[in-house]
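S.K.: Pasting a structure below so you can have a look.
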Amino acid sequence: MDCNQKKTVSGVTLGCKLNYAETSSILQNLIERGWVVAGPKEHADLIIVQSCAVTKQAEQKCRQKIRGLVRRNPGSRVVVIGCYAQLSPGLIAGIEGVDAVLGNDEKFDSTHYMDVAAAPHPVGTPVVCVSDKGGFGIAHRACSLPSGSEGERTRAFLKLQDGCDYGCAYCTIPLARGRSRSVPPEVVLQQARMLADSGYREIVLTGVNTGDYRSGATGFTELLRMLEDVDVARIRISSLEPDILTDELVALVAASRNIVPHFHLPLQNGSDRILSSMRRRYRTADYRKRLLGAVEAIEDCAVGADVMVGYPGESEDDFRETVRFIEGLPLAYLHVFSCSLRPGTALAREVERGERLRVEPQAASKRSSILKEIGERKAAEFRQRYVGRGCRVLFEECRQAGNGMLRWSGYSRNYLPVWVEIPSGGKSLSGRELPVAIVGAGLQLEGRLLS
Ligand code: SF4
């Protein structure tokens, strides 16, 4: 390669929104050091894979992804970072073709990437650089690359916080990411302004436990109050633990011009007995009270929830309680997943000691199907409420509709997917927030532009 030619890099992210924010931040850092991000089908000298360890399935998906990338990109160096790399570095380093494994503390240091890129290829023994303390340092940088189509700047992820102190019995994330710590408010504000100035229309606030933000005297609600002044159309909170959805926060969102009416509120289970085993910080009555408080006070508020099935010890009665509880909630969508026993967690130890019995996979899968069906019905009912009404849509993606028309899609403020058709050759809608009349509801809402 011409030594004056710039090195190319690409990022592949698995897992949560925080991972996306971090990959973008790392790429941005490398761009500032003279690297170029390779296009989707272009060769990249370096491929950075941000991995996830939230479930066994997530880990399996990571391994498959890494093997596929190694196979399809014989001339590229592959560096694996993220929670799976932090928790199982030896296993990742054992995957043929992996050149380096970096821990959660090391992944923000660009010198590691430079070293891997400069080393003779193949590297031979992979470089493993994972500090034991499990990501206790904090990367204050939190920046992003475009997530909209055609390189337009629509939505960006902004990292506020890392780690978690909540200690849920099943969760491996604190083992990978350490204790909760927050980015100072002045840095968050500066980054948010920078994203707004560079044209992003929506900023998604991310973290491991985003609402647990605390820096000096500034808590999450105070930080949101400061962020409201940033000149951006939308601020979205990625996920919020239920105990953080206080009346004060609800009142702030209800009156806000740019914090959108959408909460992702993990429920995990609708049985108090199981919530207690999980060491969650609320019970069903608290969850219901907070959810109803938000839905009643905030116009068009959409609340979605994660629910876990097959938690060791979850009986048929517990599951029936969960179904009853969820049926009674005005939820906009459900994300259902099966419990995955993670090594090193309190739950894994309890199961090992015989204190909790595993749920048979068949029973867990049946429970999952039942809840998924309820989730789909609830989501369809929620979408249906919008037919015949108007909403504002921030457009992101476009494709040919096949009838000489272009199909543009985007999201309402409360995160409903909406599409409209306009004639080919019309003005780009990318990154524009426009009023739309909703005329139909399938898996997405069908709309007509009002302007
Ligand atoms: S709140 Fe619970 S589930 Fe969420 S990251 Fe913290 S420990 Fe894990």
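By convention here, the chains of the structure tokens are called A, B, ... in the order presented, each chain's residues are numbered starting at 1, and ligands are numbered starting at 1 in the order presented.
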Once you count only C-alpha atoms and all ligand atoms, which residues end up within 9 Å of ligand 1, and could you hand them over as a list in words?
M.R.: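 Counting only C-alpha atoms and all ligand atoms, the residues within 9 Å of ligand 1 come out as Val54, Gly163, Cys164, Asp165, Tyr166, Gly167, Cys168, Ala169, Tyr170, Cys171, Thr172, Ile173, Pro174, Ser180, Val208, Asn209, Leu240, Glu241, Pro266, Gln268, Met278, Arg279, Arg280 and Arg281 of chain A.
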S.K.: Please produce a file of those selected residues containing N, CA and C atoms, as a PDB file, in the first residue's frame.
M.R.:
ATOM      1  N   VAL A  54     -24.814  -9.710  26.704  1.00  0.00           N
ATOM      2  CA  VAL A  54     -25.990  -9.630  27.576  1.00  0.00           C
ATOM      3  C   VAL A  54     -26.688 -10.985  27.737  1.00  0.00           C
ATOM      4  N   GLY A 163     -21.547   1.979  33.337  1.00  0.00           N
ATOM      5  CA  GLY A 163     -21.578   1.146  34.538  1.00  0.00           C
ATOM      6  C   GLY A 163     -22.927   1.162  35.258  1.00  0.00           C
ATOM      7  N   CYS A 164     -23.022   0.320  36.289  1.00  0.00           N
ATOM      8  CA  CYS A 164     -24.294   0.232  37.019  1.00  0.00           C
ATOM      9  C   CYS A 164     -24.068  -0.297  38.425  1.00  0.00           C
ATOM     10  N   ASP A 165     -24.791   0.315  39.387  1.00  0.00           N
ATOM     11  CA  ASP A 165     -24.686  -0.122  40.793  1.00  0.00           C
ATOM     12  C   ASP A 165     -25.922  -0.885  41.245  1.00  0.00           C
ATOM     13  N   TYR A 166     -26.871  -1.146  40.368  1.00  0.00           N
ATOM     14  CA  TYR A 166     -28.157  -1.683  40.808  1.00  0.00           C
ATOM     15  C   TYR A 166     -28.075  -3.141  41.242  1.00  0.00           C
ATOM     16  N   GLY A 167     -27.163  -3.897  40.690  1.00  0.00           N
ATOM     17  CA  GLY A 167     -26.967  -5.272  41.175  1.00  0.00           C
ATOM     18  C   GLY A 167     -28.126  -6.227  40.924  1.00  0.00           C
ATOM     19  N   CYS A 168     -28.764  -6.152  39.760  1.00  0.00           N
ATOM     20  CA  CYS A 168     -29.812  -7.130  39.447  1.00  0.00           C
ATOM     21  C   CYS A 168     -29.150  -8.515  39.385  1.00  0.00           C
ATOM     22  N   ALA A 169     -29.833  -9.514  39.965  1.00  0.00           N
ATOM     23  CA  ALA A 169     -29.188 -10.819  40.195  1.00  0.00           C
ATOM     24  C   ALA A 169     -28.738 -11.501  38.914  1.00  0.00           C
ATOM     25  N   TYR A 170     -29.421 -11.230  37.812  1.00  0.00           N
ATOM     26  CA  TYR A 170     -29.157 -11.966  36.569  1.00  0.00           C
ATOM     27  C   TYR A 170     -28.154 -11.253  35.663  1.00  0.00           C
ATOM     28  N   CYS A 171     -27.748 -10.047  36.005  1.00  0.00           N
ATOM     29  CA  CYS A 171     -27.107  -9.179  35.013  1.00  0.00           C
ATOM     30  C   CYS A 171     -25.576  -9.225  35.066  1.00  0.00           C
ATOM     31  N   THR A 172     -25.006  -9.384  33.908  1.00  0.00           N
ATOM     32  CA  THR A 172     -23.550  -9.488  33.803  1.00  0.00           C
ATOM     33  C   THR A 172     -22.908  -8.135  33.467  1.00  0.00           C
ATOM     34  N   ILE A 173     -23.753  -7.160  33.138  1.00  0.00           N
ATOM     35  CA  ILE A 173     -23.216  -5.885  32.627  1.00  0.00           C
ATOM     36  C   ILE A 173     -22.309  -5.173  33.637  1.00  0.00           C
ATOM     37  N   PRO A 174     -22.694  -5.117  34.944  1.00  0.00           N
ATOM     38  CA  PRO A 174     -21.776  -4.455  35.887  1.00  0.00           C
ATOM     39  C   PRO A 174     -20.412  -5.148  35.960  1.00  0.00           C
ATOM     40  N   SER A 180     -21.280   2.588  38.474  1.00  0.00           N
ATOM     41  CA  SER A 180     -21.891   3.720  37.765  1.00  0.00           C
ATOM     42  C   SER A 180     -21.032   4.976  37.885  1.00  0.00           C
ATOM     43  N   VAL A 208     -25.397   2.859  30.433  1.00  0.00           N
ATOM     44  CA  VAL A 208     -25.802   1.521  30.895  1.00  0.00           C
ATOM     45  C   VAL A 208     -27.076   1.672  31.735  1.00  0.00           C
ATOM     46  N   ASN A 209     -27.060   2.636  32.644  1.00  0.00           N
ATOM     47  CA  ASN A 209     -28.231   2.951  33.459  1.00  0.00           C
ATOM     48  C   ASN A 209     -28.362   4.475  33.375  1.00  0.00           C
ATOM     49  N   LEU A 240     -34.921   3.764  30.692  1.00  0.00           N
ATOM     50  CA  LEU A 240     -34.950   4.363  32.023  1.00  0.00           C
ATOM     51  C   LEU A 240     -35.407   3.319  33.031  1.00  0.00           C
ATOM     52  N   GLU A 241     -34.660   3.133  34.106  1.00  0.00           N
ATOM     53  CA  GLU A 241     -35.129   2.236  35.154  1.00  0.00           C
ATOM     54  C   GLU A 241     -36.384   2.860  35.783  1.00  0.00           C
ATOM     55  N   PRO A 266     -37.881  -0.808  31.443  1.00  0.00           N
ATOM     56  CA  PRO A 266     -37.767  -2.258  31.626  1.00  0.00           C
ATOM     57  C   PRO A 266     -38.644  -2.744  32.786  1.00  0.00           C
ATOM     58  N   GLN A 268     -39.308  -6.439  33.182  1.00  0.00           N
ATOM     59  CA  GLN A 268     -38.672  -7.750  33.431  1.00  0.00           C
ATOM     60  C   GLN A 268     -39.634  -8.827  33.925  1.00  0.00           C
ATOM     61  N   MET A 278     -35.135 -11.181  41.543  1.00  0.00           N
ATOM     62  CA  MET A 278     -34.246 -10.523  40.575  1.00  0.00           C
ATOM     63  C   MET A 278     -33.477  -9.358  41.205  1.00  0.00           C
ATOM     64  N   ARG A 279     -33.914  -8.952  42.406  1.00  0.00           N
ATOM     65  CA  ARG A 279     -33.357  -7.771  43.094  1.00  0.00           C
ATOM     66  C   ARG A 279     -33.595  -6.494  42.299  1.00  0.00           C
ATOM     67  N   ARG A 280     -34.774  -6.425  41.684  1.00  0.00           N
ATOM     68  CA  ARG A 280     -35.147  -5.188  40.999  1.00  0.00           C
ATOM     69  C   ARG A 280     -35.592  -4.181  42.054  1.00  0.00           C
ATOM     70  N   ARG A 281     -35.497  -2.886  41.719  1.00  0.00           N
ATOM     71  CA  ARG A 281     -35.730  -1.856  42.736  1.00  0.00           C
ATOM     72  C   ARG A 281     -37.176  -1.356  42.775  1.00  0.00           C
TER      73      ARG A 281
END
S.K.: For stretch 369-377 of chain A, please output as an MDAnalysis selection string all residues within 9 Å (counting only C-alpha atoms; exclusion window: fewer than 6 positions along the same chain).
M.R.: chainID A and resid 307 309 323 326:327 331:336
S.K.: If you keep N, CA and C atoms, can you produce a file of those selected residues as an mmCIF file, in the first residue's frame?
M.R.:
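Output (result.cif):
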data_model
loop_
_atom_site.group_PDB
_atom_site.id
_atom_site.type_symbol
_atom_site.label_atom_id
_atom_site.label_comp_id
_atom_site.auth_asym_id
_atom_site.auth_seq_id
_atom_site.Cartn_x
_atom_site.Cartn_y
_atom_site.Cartn_z
ATOM 1 N N VAL A 307 -39.457 -7.561 28.903
ATOM 2 C CA VAL A 307 -39.954 -8.588 29.830
ATOM 3 C C VAL A 307 -39.130 -9.849 29.649
ATOM 4 N N VAL A 309 -38.687 -13.893 30.311
ATOM 5 C CA VAL A 309 -39.414 -15.112 30.687
ATOM 6 C C VAL A 309 -38.407 -16.194 31.068
ATOM 7 N N VAL A 323 -48.707 -12.116 32.876
ATOM 8 C CA VAL A 323 -49.628 -11.893 31.760
ATOM 9 C C VAL A 323 -50.742 -10.950 32.195
ATOM 10 N N ILE A 326 -49.421 -7.349 32.615
ATOM 11 C CA ILE A 326 -49.110 -6.677 31.346
ATOM 12 C C ILE A 326 -50.388 -6.354 30.570
ATOM 13 N N GLU A 327 -51.343 -7.274 30.595
ATOM 14 C CA GLU A 327 -52.612 -7.019 29.900
ATOM 15 C C GLU A 327 -53.268 -5.724 30.403
ATOM 16 N N LEU A 331 -49.317 -0.295 27.409
ATOM 17 C CA LEU A 331 -47.963 -0.313 26.829
ATOM 18 C C LEU A 331 -48.031 -0.169 25.308
ATOM 19 N N ALA A 332 -47.046 0.496 24.752
ATOM 20 C CA ALA A 332 -47.005 0.701 23.297
ATOM 21 C C ALA A 332 -46.279 -0.445 22.590
ATOM 22 N N TYR A 333 -45.413 -1.134 23.285
ATOM 23 C CA TYR A 333 -44.725 -2.292 22.702
ATOM 24 C C TYR A 333 -44.053 -3.094 23.824
ATOM 25 N N LEU A 334 -43.710 -4.335 23.499
ATOM 26 C CA LEU A 334 -43.000 -5.191 24.467
ATOM 27 C C LEU A 334 -41.765 -5.764 23.795
ATOM 28 N N HIS A 335 -40.696 -5.870 24.532
ATOM 29 C CA HIS A 335 -39.528 -6.596 24.040
ATOM 30 C C HIS A 335 -39.367 -7.808 24.950
ATOM 31 N N VAL A 336 -39.640 -9.003 24.398
ATOM 32 C CA VAL A 336 -39.658 -10.219 25.211
ATOM 33 C C VAL A 336 -38.378 -11.016 24.967
#
S.K.: Running DSSP on the backbone, which parts of stretch 203-304 of chain A land in alpha helix (DSSP H), as a ChimeraX atom specification?
M.R.: /A:220-227,247-255,272-278,284-297
S.K.: At a cut-off of 10 Å, using only C-alpha atoms, what residues contact A:Cys83? Leave out same-chain residues fewer than 4 positions from it and give the result as a compact mmCIF listing (two decimals) with C-alpha atoms, in the first residue's frame.
M.R.:
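Writing done, so here's around32.txt:
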# COMPACT_ATOMS: atom_id res chain seq x y z
CA GLY A 15 -25.82 -4.93 21.23
CA ASN A 19 -22.36 0.29 22.07
CA GLN A 50 -18.04 -3.94 19.33
CA SER A 51 -19.35 -7.07 21.05
CA CYS A 52 -22.19 -7.78 23.48
CA ALA A 53 -22.50 -10.33 26.31
CA VAL A 54 -25.99 -9.63 27.58
CA GLU A 59 -22.44 -14.00 22.53
CA LEU A 87 -15.58 -10.80 30.03
CA SER A 88 -14.13 -13.56 27.82
CA PRO A 89 -10.91 -12.24 26.23
CA LEU A 102 -9.28 -4.77 23.91
CA GLY A 103 -11.08 -4.29 27.23
CA ASN A 104 -13.60 -1.61 28.13
CA GLY A 134 -13.55 -4.09 34.11
CA GLY A 135 -13.95 -0.69 32.56
CA THR A 172 -23.55 -9.49 33.80
CA ILE A 173 -23.22 -5.88 32.63
CA PRO A 174 -21.78 -4.46 35.89
CA LEU A 175 -19.08 -7.17 35.68
CA ALA A 176 -18.09 -5.90 32.25
CA ARG A 177 -18.59 -2.18 32.76
S.K.: Can you pull out every residue from stretch 216-365 of chain A that DSSP, working from the backbone, puts in strand (DSSP E or B), and format the result as JSON, numbers by chain?
M.R.: {"A": [218, 219, 234, 235, 236, 237, 259, 262, 263, 264, 268, 302, 303, 304, 305, 306, 307, 308, 309, 333, 334, 335, 336, 337, 338]}
S.K.: Residues as selected, C-alpha atoms, written as an mmCIF file, in the first residue's frame, can you do that?
M.R.:
data_model
loop_
_atom_site.group_PDB
_atom_site.id
_atom_site.type_symbol
_atom_site.label_atom_id
_atom_site.label_comp_id
_atom_site.auth_asym_id
_atom_site.auth_seq_id
_atom_site.Cartn_x
_atom_site.Cartn_y
_atom_site.Cartn_z
ATOM 1 C CA THR A 218 -26.334 17.415 38.927
ATOM 2 C CA GLY A 219 -28.780 14.546 38.682
ATOM 3 C CA ARG A 234 -35.640 16.051 19.571
ATOM 4 C CA ILE A 235 -33.991 14.617 22.661
ATOM 5 C CA ARG A 236 -34.834 10.965 23.353
ATOM 6 C CA ILE A 237 -34.032 9.024 26.521
ATOM 7 C CA ILE A 259 -37.679 15.966 25.042
ATOM 8 C CA HIS A 262 -41.298 8.124 24.761
ATOM 9 C CA PHE A 263 -39.959 5.946 27.567
ATOM 10 C CA HIS A 264 -38.461 2.495 27.432
ATOM 11 C CA GLN A 268 -38.672 -7.750 33.431
ATOM 12 C CA ALA A 302 -45.533 5.887 24.425
ATOM 13 C CA VAL A 303 -44.077 3.481 26.961
ATOM 14 C CA GLY A 304 -42.410 0.221 25.946
ATOM 15 C CA ALA A 305 -41.076 -2.514 28.222
ATOM 16 C CA ASP A 306 -38.587 -5.376 28.355
ATOM 17 C CA VAL A 307 -39.954 -8.588 29.830
ATOM 18 C CA MET A 308 -37.888 -11.632 30.709
ATOM 19 C CA VAL A 309 -39.414 -15.112 30.687
ATOM 20 C CA TYR A 333 -44.725 -2.292 22.702
ATOM 21 C CA LEU A 334 -43.000 -5.191 24.467
ATOM 22 C CA HIS A 335 -39.528 -6.596 24.040
ATOM 23 C CA VAL A 336 -39.658 -10.219 25.211
ATOM 24 C CA PHE A 337 -36.573 -12.322 25.831
ATOM 25 C CA SER A 338 -35.662 -15.528 27.659
#
S.K.: So how many Å separate atom CA of A:Gly328 and atom CA of A:Phe220, to one decimal?
M.R.: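 Answer for the atom CA of A:Gly328 to atom CA of A:Phe220 separation: 29.2 Å.
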S.K.: For A:Leu224, work out the shell of residues within 12 Å, counting only C-alpha atoms and skipping chain neighbours fewer than 6 positions away, then give it as a list in words.
M.R.: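 Counting only C-alpha atoms, the residues come to Leu160, Pro185, Val188, Leu189, Ala192, Ile203, Val204, Leu205, Thr210, Gly211, Tyr213, Arg214, Thr218, Val230, Ile235, Arg236, Ile237, Glu248, Leu249, Val250, Ala251, Leu252, Val253, Ser256, Arg257, Asn258, Ile259 and Val260 of chain A.
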S.K.: Out of A:Val116, A:Pro126, A:Ala44, A:Tyr84, which residue has the shortest atom-to-atom distance to A:Val98 when counting only C-alpha atoms?
M.R.: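 Nearest to A:Val98: A:Pro126.
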S.K.: Looking at A:Phe395, A:Trp419, A:Tyr20, A:Tyr311, which one is nearest to A:Val351, with distances taken over only C-alpha atoms?
M.R.: A:Tyr311
